[in-house]
>>> print(open('upload.cif').read())   # mmCIF, C-alpha atoms and all ligand atoms
data_target
loop_
_atom_site.label_atom_id
_atom_site.label_comp_id
_atom_site.auth_asym_id
_atom_site.auth_seq_id
_atom_site.Cartn_x
_atom_site.Cartn_y
_atom_site.Cartn_z
CA MET A 1444 153.00 -26.71 40.94
CA SER A 1445 153.49 -28.47 37.61
CA ILE A 1446 151.11 -28.08 34.71
CA LYS A 1447 150.29 -31.74 35.07
CA LYS A 1448 149.31 -31.15 38.71
CA VAL A 1449 147.27 -28.11 37.72
CA LEU A 1450 145.36 -30.15 35.15
CA LEU A 1451 144.81 -33.02 37.59
CA SER A 1452 143.59 -30.72 40.33
CA SER A 1453 141.31 -28.82 38.03
CA VAL A 1454 139.52 -32.00 37.05
CA LEU A 1455 139.23 -33.27 40.60
CA ILE A 1456 137.79 -30.16 42.17
CA LEU A 1457 135.96 -29.02 39.05
CA SER A 1458 136.59 -25.37 39.60
CA PRO A 1459 139.04 -22.84 38.23
CA LEU A 1460 142.36 -22.92 40.02
CA ALA A 1461 144.23 -19.98 41.30
CA VAL A 1462 147.84 -21.10 41.15
CA ALA A 1463 149.78 -18.08 42.29
CA ALA A 1464 153.32 -17.39 41.20
CA GLU A 1465 154.34 -17.92 44.85
CA ASP A 1466 153.56 -21.61 44.36
CA LEU A 1467 156.03 -21.90 41.50
CA THR A 1468 159.63 -23.02 41.67
CA ILE A 1469 161.98 -22.61 38.73
CA GLY A 1470 165.52 -23.95 38.36
CA PHE A 1471 168.07 -21.71 36.64
CA SER A 1472 171.30 -23.27 35.37
CA GLN A 1473 173.67 -20.39 34.69
CA ILE A 1474 176.99 -20.86 32.85
CA GLY A 1475 179.03 -18.97 35.43
CA SER A 1476 180.23 -15.38 35.66
CA GLU A 1477 182.75 -15.16 32.84
CA SER A 1478 181.71 -11.66 31.80
CA GLY A 1479 180.05 -8.49 33.05
CA TRP A 1480 177.11 -9.25 30.79
CA ARG A 1481 176.70 -12.71 32.32
CA ALA A 1482 176.75 -11.28 35.85
CA ALA A 1483 174.08 -8.77 34.77
CA GLU A 1484 171.92 -11.55 33.33
CA THR A 1485 172.12 -13.43 36.65
CA THR A 1486 171.10 -10.31 38.58
CA VAL A 1487 168.20 -9.56 36.23
CA THR A 1488 166.96 -13.16 36.30
CA LYS A 1489 166.93 -13.27 40.11
CA GLN A 1490 165.14 -9.92 40.18
CA GLN A 1491 162.54 -10.99 37.61
CA ALA A 1492 161.74 -14.10 39.65
CA GLU A 1493 161.57 -12.14 42.90
CA ASP A 1494 159.29 -9.48 41.36
CA ARG A 1495 156.87 -12.22 40.31
CA GLY A 1496 157.02 -14.11 43.62
CA ILE A 1497 158.62 -17.13 41.92
CA THR A 1498 161.09 -19.25 43.90
CA LEU A 1499 164.31 -19.48 41.87
CA LYS A 1500 166.81 -22.26 42.48
CA PHE A 1501 170.11 -21.00 41.11
CA ALA A 1502 173.02 -23.21 40.00
CA ASP A 1503 176.35 -21.74 38.84
CA ALA A 1504 178.05 -24.23 36.49
CA GLN A 1505 181.51 -22.64 36.64
CA GLN A 1506 181.68 -22.80 32.81
CA LYS A 1507 181.35 -26.61 32.75
CA GLN A 1508 178.71 -28.45 30.73
CA GLU A 1509 178.84 -31.47 33.06
CA ASN A 1510 177.87 -29.19 35.97
CA GLN A 1511 174.91 -27.89 33.95
CA ILE A 1512 173.76 -31.43 33.17
CA SER A 1513 174.02 -32.35 36.88
CA ALA A 1514 172.08 -29.22 37.81
CA LEU A 1515 169.30 -30.08 35.36
CA ARG A 1516 169.10 -33.63 36.75
CA SER A 1517 168.89 -32.23 40.27
CA PHE A 1518 166.12 -29.81 39.24
CA ILE A 1519 164.22 -32.69 37.63
CA ALA A 1520 164.61 -34.85 40.78
CA GLN A 1521 163.31 -31.95 42.88
CA GLY A 1522 160.26 -31.67 40.61
CA VAL A 1523 160.64 -27.99 39.75
CA ASP A 1524 157.90 -26.42 37.65
CA ALA A 1525 160.23 -25.25 34.88
CA ILE A 1526 163.91 -24.90 34.04
CA LEU A 1527 165.84 -21.99 32.56
CA ILE A 1528 169.26 -22.77 31.13
CA ALA A 1529 171.95 -20.67 29.46
CA PRO A 1530 173.80 -23.51 27.71
CA VAL A 1531 177.58 -23.10 27.74
CA VAL A 1532 178.04 -24.99 24.44
CA ALA A 1533 175.63 -25.94 21.67
CA THR A 1534 175.97 -29.73 21.55
CA GLY A 1535 175.46 -32.61 23.99
CA TRP A 1536 172.07 -31.73 25.48
CA ASP A 1537 169.71 -34.30 23.95
CA GLY A 1538 169.82 -36.84 26.82
CA VAL A 1539 169.09 -34.46 29.68
CA LEU A 1540 166.48 -32.54 27.66
CA GLU A 1541 164.72 -35.87 27.02
CA GLU A 1542 164.73 -36.49 30.78
CA ALA A 1543 163.10 -33.11 31.43
CA LYS A 1544 160.54 -33.73 28.72
CA ASP A 1545 159.71 -37.16 30.16
CA ALA A 1546 159.15 -35.47 33.52
CA ASP A 1547 156.85 -32.87 31.86
CA ILE A 1548 159.13 -30.06 32.99
CA PRO A 1549 159.34 -27.28 30.40
CA VAL A 1550 162.83 -26.03 29.60
CA ILE A 1551 163.53 -22.57 28.21
CA LEU A 1552 166.93 -21.72 26.72
CA LEU A 1553 168.32 -18.33 27.67
CA ASP A 1554 170.61 -16.23 25.42
CA ARG A 1555 172.19 -19.22 23.61
CA THR A 1556 170.85 -21.92 21.35
CA VAL A 1557 171.56 -25.67 21.21
CA ASP A 1558 171.94 -28.21 18.42
CA ALA A 1559 169.01 -30.36 19.52
CA SER A 1560 165.56 -31.05 18.14
CA ASP A 1561 163.25 -28.15 18.99
CA ASP A 1562 160.66 -30.55 20.41
CA LEU A 1563 163.04 -31.06 23.38
CA TYR A 1564 162.54 -27.58 24.82
CA LEU A 1565 159.66 -25.17 25.12
CA THR A 1566 161.29 -22.15 23.53
CA ALA A 1567 164.51 -20.14 23.37
CA VAL A 1568 164.84 -16.48 24.36
CA THR A 1569 167.92 -15.24 22.58
CA SER A 1570 169.18 -12.37 20.51
CA ASP A 1571 170.04 -12.71 16.83
CA LEU A 1572 173.67 -13.70 17.34
CA VAL A 1573 174.53 -13.75 13.64
CA HIS A 1574 173.11 -10.25 13.24
CA GLU A 1575 175.30 -8.98 16.10
CA GLY A 1576 178.39 -10.17 14.22
CA GLU A 1577 177.06 -8.59 11.03
CA VAL A 1578 176.57 -5.23 12.75
CA ALA A 1579 180.14 -5.36 14.09
CA GLY A 1580 181.50 -6.27 10.66
CA GLN A 1581 179.48 -3.58 8.90
CA TRP A 1582 180.78 -1.02 11.38
CA LEU A 1583 184.34 -1.93 10.37
CA VAL A 1584 183.48 -1.89 6.66
CA ASP A 1585 182.18 1.67 7.06
CA GLU A 1586 184.98 2.77 9.38
CA THR A 1587 187.79 1.60 7.09
CA ALA A 1588 186.07 2.90 3.93
CA GLY A 1589 188.15 0.73 1.62
CA ALA A 1590 191.51 1.16 3.41
CA GLN A 1591 193.58 -2.00 3.94
CA CYS A 1592 192.96 -3.48 7.38
CA ARG A 1593 194.40 -6.60 8.99
CA ILE A 1594 191.98 -7.80 11.67
CA VAL A 1595 192.49 -10.01 14.72
CA GLU A 1596 189.49 -11.78 16.21
CA LEU A 1597 188.92 -12.88 19.80
CA GLN A 1598 186.32 -15.63 19.70
CA GLY A 1599 183.97 -16.59 22.53
CA THR A 1600 183.89 -20.01 24.17
CA THR A 1601 184.65 -22.72 21.64
CA GLY A 1602 181.50 -24.57 20.63
CA SER A 1603 179.13 -21.96 22.08
CA SER A 1604 176.40 -20.59 19.83
CA PRO A 1605 177.49 -16.93 20.21
CA ALA A 1606 181.08 -17.81 19.23
CA ILE A 1607 179.87 -19.71 16.17
CA ASP A 1608 177.20 -17.23 15.10
CA ARG A 1609 179.08 -14.02 15.80
CA LYS A 1610 182.00 -15.33 13.74
CA THR A 1611 179.61 -16.18 10.92
CA GLY A 1612 177.91 -12.79 11.05
CA PHE A 1613 181.15 -10.84 10.98
CA GLY A 1614 182.39 -12.99 8.10
CA ASN A 1615 179.16 -12.29 6.20
CA ALA A 1616 179.57 -8.54 6.62
CA ILE A 1617 183.20 -8.32 5.48
CA ALA A 1618 182.81 -10.83 2.62
CA GLY A 1619 183.56 -9.16 -0.69
CA HIS A 1620 185.57 -6.37 0.94
CA ASP A 1621 189.07 -7.28 -0.17
CA ASN A 1622 190.63 -4.57 1.99
CA LEU A 1623 189.56 -6.50 5.12
CA GLU A 1624 191.35 -9.66 6.20
CA ILE A 1625 191.17 -11.65 9.44
CA VAL A 1626 194.81 -12.58 10.06
CA ARG A 1627 194.45 -14.22 13.50
CA SER A 1628 191.44 -15.74 15.21
CA GLN A 1629 191.48 -17.54 18.54
CA THR A 1630 189.23 -18.12 21.52
CA GLY A 1631 189.50 -15.89 24.57
CA ASP A 1632 186.69 -17.84 26.27
CA PHE A 1633 184.61 -14.66 26.78
CA THR A 1634 186.88 -13.64 29.70
CA ARG A 1635 188.87 -10.50 30.34
CA SER A 1636 191.95 -12.46 31.43
CA GLN A 1637 192.03 -14.65 28.33
CA GLY A 1638 191.28 -11.67 26.11
CA LYS A 1639 194.47 -10.06 27.42
CA VAL A 1640 196.59 -13.22 27.10
CA VAL A 1641 195.46 -13.96 23.55
CA MET A 1642 195.83 -10.33 22.43
CA GLU A 1643 199.39 -10.39 23.75
CA SER A 1644 200.07 -13.43 21.57
CA PHE A 1645 198.49 -11.69 18.53
CA LEU A 1646 200.67 -8.61 19.07
CA LYS A 1647 203.76 -10.75 19.41
CA ALA A 1648 202.99 -12.85 16.35
CA GLU A 1649 201.91 -10.05 14.01
CA GLY A 1650 203.64 -6.97 15.41
CA GLY A 1651 201.25 -4.31 16.73
CA GLU A 1652 201.87 -1.99 13.78
CA ASN A 1653 200.52 -4.69 11.44
CA ILE A 1654 197.17 -4.99 13.23
CA CYS A 1655 194.56 -2.45 12.22
CA ALA A 1656 191.51 -3.71 14.10
CA LEU A 1657 190.30 -6.08 16.82
CA TYR A 1658 186.91 -7.76 16.67
CA ALA A 1659 186.07 -9.33 20.04
CA HIS A 1660 182.97 -11.49 20.52
CA ASN A 1661 182.32 -9.73 23.83
CA ASP A 1662 183.34 -6.58 25.68
CA ASP A 1663 185.20 -8.31 28.47
CA MET A 1664 187.73 -9.80 26.05
CA ALA A 1665 188.06 -6.37 24.40
CA VAL A 1666 188.74 -4.74 27.77
CA GLY A 1667 191.44 -7.35 28.50
CA ALA A 1668 192.91 -6.74 25.04
CA ILE A 1669 192.98 -2.98 25.62
CA GLN A 1670 195.30 -3.60 28.55
CA ALA A 1671 197.57 -5.75 26.37
CA ILE A 1672 197.65 -3.09 23.63
CA LYS A 1673 198.58 -0.37 26.13
CA GLU A 1674 201.32 -2.53 27.64
CA ALA A 1675 202.70 -2.98 24.11
CA GLY A 1676 203.07 0.81 23.88
CA LEU A 1677 200.19 1.30 21.42
CA LYS A 1678 197.02 3.36 21.64
CA PRO A 1679 193.87 1.20 21.68
CA GLY A 1680 191.05 2.84 19.74
CA GLU A 1681 193.55 4.75 17.57
CA ASP A 1682 196.43 2.48 16.53
CA ILE A 1683 194.11 -0.51 16.73
CA LYS A 1684 190.36 0.00 16.25
CA ILE A 1685 188.22 -2.11 18.56
CA VAL A 1686 184.66 -3.33 18.09
CA ALA A 1687 182.92 -5.80 20.43
CA ILE A 1688 179.50 -6.88 21.69
CA ASP A 1689 177.46 -6.49 24.93
CA ALA A 1690 177.64 -2.76 25.82
CA VAL A 1691 178.61 -3.38 29.45
CA PRO A 1692 179.55 -0.32 31.56
CA ASP A 1693 183.30 -0.94 31.20
CA ALA A 1694 182.95 -0.78 27.40
CA HIS A 1695 181.14 2.56 27.68
CA LEU A 1696 183.98 3.83 29.88
CA ALA A 1697 186.58 2.60 27.38
CA ILE A 1698 184.72 4.29 24.52
CA ALA A 1699 184.45 7.52 26.51
CA ALA A 1700 188.22 7.35 27.12
CA GLY A 1701 188.81 6.88 23.37
CA GLU A 1702 190.28 3.40 23.92
CA MET A 1703 187.50 1.47 22.19
CA ASN A 1704 185.42 2.40 19.17
CA ALA A 1705 182.12 0.52 19.15
CA THR A 1706 180.04 -2.04 20.99
CA ILE A 1707 176.78 -3.72 20.03
CA GLU A 1708 174.16 -3.63 22.76
CA LEU A 1709 172.74 -6.89 24.08
CA THR A 1710 170.03 -6.82 26.73
CA PRO A 1711 170.71 -9.02 29.76
CA ASN A 1712 166.95 -9.37 30.30
CA MET A 1713 166.29 -12.74 28.72
CA ALA A 1714 164.44 -13.99 31.81
CA GLY A 1715 161.61 -11.45 31.57
CA PRO A 1716 160.23 -12.75 28.24
CA ALA A 1717 160.94 -16.35 29.34
CA LEU A 1718 158.90 -15.97 32.53
CA ASP A 1719 156.16 -14.14 30.59
CA ALA A 1720 155.93 -17.18 28.31
CA LEU A 1721 155.77 -19.61 31.23
CA GLU A 1722 153.12 -17.56 33.05
CA ALA A 1723 151.02 -17.38 29.89
CA ILE A 1724 151.20 -21.16 29.51
CA TRP A 1725 150.38 -21.79 33.15
CA LYS A 1726 147.35 -19.51 32.93
CA THR A 1727 146.19 -21.37 29.83
CA ALA A 1728 146.66 -24.71 31.55
CA GLN A 1729 144.64 -23.54 34.53
CA SER A 1730 141.77 -22.43 32.34
CA LEU A 1731 141.72 -25.61 30.23
CA GLN A 1732 140.15 -27.97 32.78
CA VAL A 1733 140.80 -30.90 30.51
CA ASP A 1734 141.26 -34.64 30.85
CA PRO A 1735 144.28 -35.09 33.18
CA ASP A 1736 145.67 -37.83 30.97
CA ARG A 1737 145.94 -35.49 28.05
CA LYS A 1738 149.50 -34.23 27.66
CA PRO A 1739 149.67 -30.50 28.35
CA PRO A 1740 150.66 -28.42 25.34
CA LEU A 1741 154.21 -27.87 26.49
CA TYR A 1742 156.11 -29.49 23.69
CA ARG A 1743 155.65 -29.76 20.00
CA SER A 1744 155.28 -33.43 19.06
O1 LIG B 1 175.65 -15.64 25.26
C1 LIG B 1 175.89 -14.28 25.41
C2 LIG B 1 177.35 -14.00 25.62
O2 LIG B 1 177.83 -14.78 26.69
C3 LIG B 1 177.71 -12.59 26.01
O3 LIG B 1 177.95 -11.76 24.93
C4 LIG B 1 178.97 -12.81 26.74
O4 LIG B 1 179.47 -11.71 27.43
C5 LIG B 1 178.56 -13.95 27.56
O5 LIG B 1 179.48 -14.52 28.32
#
>>> encode(input="upload.cif", output="structure tokens")
Amino acid sequence: MSIKKVLLSSVLILSPLAVAAEDLTIGFSQIGSESGWRAAETTVTKQQAEDRGITLKFADAQQKQENQISALRSFIAQGVDAILIAPVVATGWDGVLEEAKDADIPVILLDRTVDASDDLYLTAVTSDLVHEGEVAGQWLVDETAGAQCRIVELQGTTGSSPAIDRKTGFGNAIAGHDNLEIVRSQTGDFTRSQGKVVMESFLKAEGGENICALYAHNDDMAVGAIQAIKEAGLKPGEDIKIVAIDAVPDAHLAIAAGEMNATIELTPNMAGPALDALEAIWKTAQSLQVDPDRKPPLYRS
């Protein structure tokens, strides 16, 4: 039941409404399953909805923005009560977010941000992506302790907010440390397979003995790169230090095996706080009992 419907009903029957979570349907546009972390976020989101009795319509975009835009349009046509979206890239969302706003359907961004006016979505539940890069960079500053180090970087999906922000954060942390230099930087699209392919090209171009450290924007790319390093006859974690982000189980295993050095933990539970926010707003709307023509307080104007 939409907030608009709640407000209308509350005026008509002039009594407090009891809209249960079971009456609510939420659309979730997920990027895909490019990484272990992403798969965990999908699992957690489905579980959070189930625990609250919310019906979740799930759409896997297979890493394509056009599929996400189609999914959002379909959710809007179906009249869902709210939309969660993990946006694959940062730009190109204004049109479809306008459509959701016009339909009074609140949109919450999960784990990534967009370059759109913040009056086009209700809120964003994300981590501090720049800070994650800074923590990774600071780890390497401390680890190298002034020794010369040529770094290769595996970036996330081009144009995605974590790829942009994690690069910025790492750059912030190593700025002013002349011993640290990023000699190669390329996207591995947040996948294990591309992480391996791109690391192979780094090793070929630079020579493994000339690479001191790998910074990967997520663990899956690091795990793919570990394979490439081993196949090149080098010891990952020793010959080439490796720091990444996510803290998925495979990264813990690699660290335990001495093949990776550090990972920055990122919770996959973005949906919990997002659904808390929606439930708080729905409860407020139910208790308002206001003029049905008044726009509910979903968007900043
Ligand atoms: O947006 C979060 C990032 O996206 C995760 O670090 C990565 O694994 C995922 O694909």
>>> atom_distance(input="upload.cif", atom1="CA of Ala1502 in chain A", atom2="CA of Phe1518 in chain A")
9.6 Å
>>> residues_near_ligand(input="upload.cif", ligand="ligand LIG 1 (chain B)", cutoff="10 Å", atoms="only C-alpha atoms and all ligand atoms", output="PDB file with C-alpha atoms, in the coordinates of the input")
ATOM      1  CA  ILE A1474     176.990 -20.860  32.850  1.00  0.00           C
ATOM      2  CA  GLY A1475     179.030 -18.970  35.430  1.00  0.00           C
ATOM      3  CA  SER A1476     180.230 -15.380  35.660  1.00  0.00           C
ATOM      4  CA  GLU A1477     182.750 -15.160  32.840  1.00  0.00           C
ATOM      5  CA  SER A1478     181.710 -11.660  31.800  1.00  0.00           C
ATOM      6  CA  GLY A1479     180.050  -8.490  33.050  1.00  0.00           C
ATOM      7  CA  TRP A1480     177.110  -9.250  30.790  1.00  0.00           C
ATOM      8  CA  ARG A1481     176.700 -12.710  32.320  1.00  0.00           C
ATOM      9  CA  ALA A1482     176.750 -11.280  35.850  1.00  0.00           C
ATOM     10  CA  ALA A1483     174.080  -8.770  34.770  1.00  0.00           C
ATOM     11  CA  GLU A1484     171.920 -11.550  33.330  1.00  0.00           C
ATOM     12  CA  GLN A1506     181.680 -22.800  32.810  1.00  0.00           C
ATOM     13  CA  ALA A1529     171.950 -20.670  29.460  1.00  0.00           C
ATOM     14  CA  PRO A1530     173.800 -23.510  27.710  1.00  0.00           C
ATOM     15  CA  VAL A1531     177.580 -23.100  27.740  1.00  0.00           C
ATOM     16  CA  VAL A1532     178.040 -24.990  24.440  1.00  0.00           C
ATOM     17  CA  LEU A1553     168.320 -18.330  27.670  1.00  0.00           C
ATOM     18  CA  ASP A1554     170.610 -16.230  25.420  1.00  0.00           C
ATOM     19  CA  ARG A1555     172.190 -19.220  23.610  1.00  0.00           C
ATOM     20  CA  THR A1556     170.850 -21.920  21.350  1.00  0.00           C
ATOM     21  CA  THR A1569     167.920 -15.240  22.580  1.00  0.00           C
ATOM     22  CA  SER A1570     169.180 -12.370  20.510  1.00  0.00           C
ATOM     23  CA  LEU A1572     173.670 -13.700  17.340  1.00  0.00           C
ATOM     24  CA  GLU A1575     175.300  -8.980  16.100  1.00  0.00           C
ATOM     25  CA  GLY A1599     183.970 -16.590  22.530  1.00  0.00           C
ATOM     26  CA  THR A1600     183.890 -20.010  24.170  1.00  0.00           C
ATOM     27  CA  SER A1603     179.130 -21.960  22.080  1.00  0.00           C
ATOM     28  CA  SER A1604     176.400 -20.590  19.830  1.00  0.00           C
ATOM     29  CA  PRO A1605     177.490 -16.930  20.210  1.00  0.00           C
ATOM     30  CA  ALA A1606     181.080 -17.810  19.230  1.00  0.00           C
ATOM     31  CA  ARG A1609     179.080 -14.020  15.800  1.00  0.00           C
ATOM     32  CA  ASP A1632     186.690 -17.840  26.270  1.00  0.00           C
ATOM     33  CA  PHE A1633     184.610 -14.660  26.780  1.00  0.00           C
ATOM     34  CA  THR A1634     186.880 -13.640  29.700  1.00  0.00           C
ATOM     35  CA  ARG A1635     188.870 -10.500  30.340  1.00  0.00           C
ATOM     36  CA  ALA A1659     186.070  -9.330  20.040  1.00  0.00           C
ATOM     37  CA  HIS A1660     182.970 -11.490  20.520  1.00  0.00           C
ATOM     38  CA  ASN A1661     182.320  -9.730  23.830  1.00  0.00           C
ATOM     39  CA  ASP A1662     183.340  -6.580  25.680  1.00  0.00           C
ATOM     40  CA  ASP A1663     185.200  -8.310  28.470  1.00  0.00           C
ATOM     41  CA  MET A1664     187.730  -9.800  26.050  1.00  0.00           C
ATOM     42  CA  ALA A1687     182.920  -5.800  20.430  1.00  0.00           C
ATOM     43  CA  ILE A1688     179.500  -6.880  21.690  1.00  0.00           C
ATOM     44  CA  ASP A1689     177.460  -6.490  24.930  1.00  0.00           C
ATOM     45  CA  ALA A1690     177.640  -2.760  25.820  1.00  0.00           C
ATOM     46  CA  VAL A1691     178.610  -3.380  29.450  1.00  0.00           C
ATOM     47  CA  ILE A1707     176.780  -3.720  20.030  1.00  0.00           C
ATOM     48  CA  GLU A1708     174.160  -3.630  22.760  1.00  0.00           C
ATOM     49  CA  LEU A1709     172.740  -6.890  24.080  1.00  0.00           C
ATOM     50  CA  THR A1710     170.030  -6.820  26.730  1.00  0.00           C
ATOM     51  CA  PRO A1711     170.710  -9.020  29.760  1.00  0.00           C
TER      52      PRO A1711
END
>>> residues_around(input="upload.cif", residues="Gly1701 in chain A", least_positions_apart="3", cutoff="12 Å", atoms="all atoms listed in the file", output="VMD selection string")
chain A and resid 1669 1678 to 1685 1694 to 1698 1704 to 1705
>>> residues_around(input="upload.cif", residues="Phe1501 in chain A", least_positions_apart="6", cutoff="8 Å", atoms="all atoms listed in the file", output="VMD selection string")
chain A and resid 1470 to 1473
>>> residues_around(input="upload.cif", residues="Arg1593 in chain A", least_positions_apart="3", cutoff="9 Å", atoms="only C-alpha atoms", output="list in words")
Asn1622, Leu1623, Glu1624, Ile1625, Val1626, Arg1627, Asn1653, Ile1654, Cys1655, Ala1656 and Leu1657 of chain A
>>> atom_distance(input="upload.cif", atom1="CA of Val1578 in chain A", atom2="CA of Asp1621 in chain A")
18.1 Å
>>> residues_around(input="upload.cif", residues="range 1562-1567 of chain A", least_positions_apart="3", cutoff="12 Å", atoms="only C-alpha atoms", output="ChimeraX atom specification")
/A:1525-1530,1536-1559,1570-1571,1713-1714,1716-1721,1724,1739-1744
>>> write_last_selection(input="upload.cif", atoms="C-alpha atoms", output="compact mmCIF listing (two decimals), keeping the file's coordinate frame")
# COMPACT_ATOMS: atom_id res chain seq x y z
CA ALA A 1525 160.23 -25.25 34.88
CA ILE A 1526 163.91 -24.90 34.04
CA LEU A 1527 165.84 -21.99 32.56
CA ILE A 1528 169.26 -22.77 31.13
CA ALA A 1529 171.95 -20.67 29.46
CA PRO A 1530 173.80 -23.51 27.71
CA TRP A 1536 172.07 -31.73 25.48
CA ASP A 1537 169.71 -34.30 23.95
CA GLY A 1538 169.82 -36.84 26.82
CA VAL A 1539 169.09 -34.46 29.68
CA LEU A 1540 166.48 -32.54 27.66
CA GLU A 1541 164.72 -35.87 27.02
CA GLU A 1542 164.73 -36.49 30.78
CA ALA A 1543 163.10 -33.11 31.43
CA LYS A 1544 160.54 -33.73 28.72
CA ASP A 1545 159.71 -37.16 30.16
CA ALA A 1546 159.15 -35.47 33.52
CA ASP A 1547 156.85 -32.87 31.86
CA ILE A 1548 159.13 -30.06 32.99
CA PRO A 1549 159.34 -27.28 30.40
CA VAL A 1550 162.83 -26.03 29.60
CA ILE A 1551 163.53 -22.57 28.21
CA LEU A 1552 166.93 -21.72 26.72
CA LEU A 1553 168.32 -18.33 27.67
CA ASP A 1554 170.61 -16.23 25.42
CA ARG A 1555 172.19 -19.22 23.61
CA THR A 1556 170.85 -21.92 21.35
CA VAL A 1557 171.56 -25.67 21.21
CA ASP A 1558 171.94 -28.21 18.42
CA ALA A 1559 169.01 -30.36 19.52
CA SER A 1570 169.18 -12.37 20.51
CA ASP A 1571 170.04 -12.71 16.83
CA MET A 1713 166.29 -12.74 28.72
CA ALA A 1714 164.44 -13.99 31.81
CA PRO A 1716 160.23 -12.75 28.24
CA ALA A 1717 160.94 -16.35 29.34
CA LEU A 1718 158.90 -15.97 32.53
CA ASP A 1719 156.16 -14.14 30.59
CA ALA A 1720 155.93 -17.18 28.31
CA LEU A 1721 155.77 -19.61 31.23
CA ILE A 1724 151.20 -21.16 29.51
CA PRO A 1739 149.67 -30.50 28.35
CA PRO A 1740 150.66 -28.42 25.34
CA LEU A 1741 154.21 -27.87 26.49
CA TYR A 1742 156.11 -29.49 23.69
CA ARG A 1743 155.65 -29.76 20.00
CA SER A 1744 155.28 -33.43 19.06
>>> atom_distance(input="upload.cif", atom1="CA of Ile1469 in chain A", atom2="CA of Ile1512 in chain A")
15.7 Å
>>> build_atoms(input="upload.cif", residues="range 1527-1532 of chain A", atoms="all heavy atoms", output="CSV table (one decimal), in the coordinates of the input")
chain,number,residue,atom,x,y,z
A,1527,LEU,N,165.2,-22.9,33.5
A,1527,LEU,CA,165.8,-22.0,32.6
A,1527,LEU,C,167.3,-22.4,32.5
A,1527,LEU,O,167.9,-22.7,33.5
A,1527,LEU,CB,165.8,-20.6,33.1
A,1527,LEU,CG,164.4,-20.0,33.5
A,1527,LEU,CD1,164.6,-18.6,34.0
A,1527,LEU,CD2,163.5,-19.9,32.2
A,1528,ILE,N,167.8,-22.4,31.3
A,1528,ILE,CA,169.3,-22.8,31.1
A,1528,ILE,C,169.9,-21.9,30.1
A,1528,ILE,O,169.4,-21.7,29.0
A,1528,ILE,CB,169.5,-24.3,30.8
A,1528,ILE,CG1,171.0,-24.5,30.6
A,1528,ILE,CG2,168.7,-24.7,29.6
A,1528,ILE,CD1,171.4,-26.0,30.5
A,1529,ALA,N,171.1,-21.4,30.4
A,1529,ALA,CA,172.0,-20.7,29.5
A,1529,ALA,C,173.0,-21.7,29.1
A,1529,ALA,O,173.9,-21.9,29.9
A,1529,ALA,CB,172.6,-19.4,30.1
A,1530,PRO,N,172.9,-22.4,28.0
A,1530,PRO,CA,173.8,-23.5,27.7
A,1530,PRO,C,175.2,-23.1,27.3
A,1530,PRO,O,175.3,-22.3,26.3
A,1530,PRO,CB,173.1,-24.2,26.6
A,1530,PRO,CG,172.2,-23.2,25.9
A,1530,PRO,CD,171.9,-22.2,26.9
A,1531,VAL,N,176.2,-23.6,28.0
A,1531,VAL,CA,177.6,-23.1,27.7
A,1531,VAL,C,178.0,-23.4,26.3
A,1531,VAL,O,178.7,-22.6,25.7
A,1531,VAL,CB,178.5,-23.7,28.8
A,1531,VAL,CG1,178.6,-25.2,28.8
A,1531,VAL,CG2,180.0,-23.1,28.6
A,1532,VAL,N,177.7,-24.6,25.8
A,1532,VAL,CA,178.0,-25.0,24.4
A,1532,VAL,C,176.8,-25.5,23.7
A,1532,VAL,O,175.7,-25.6,24.4
A,1532,VAL,CB,179.1,-26.1,24.4
A,1532,VAL,CG1,180.5,-25.6,24.8
A,1532,VAL,CG2,178.7,-27.3,25.2
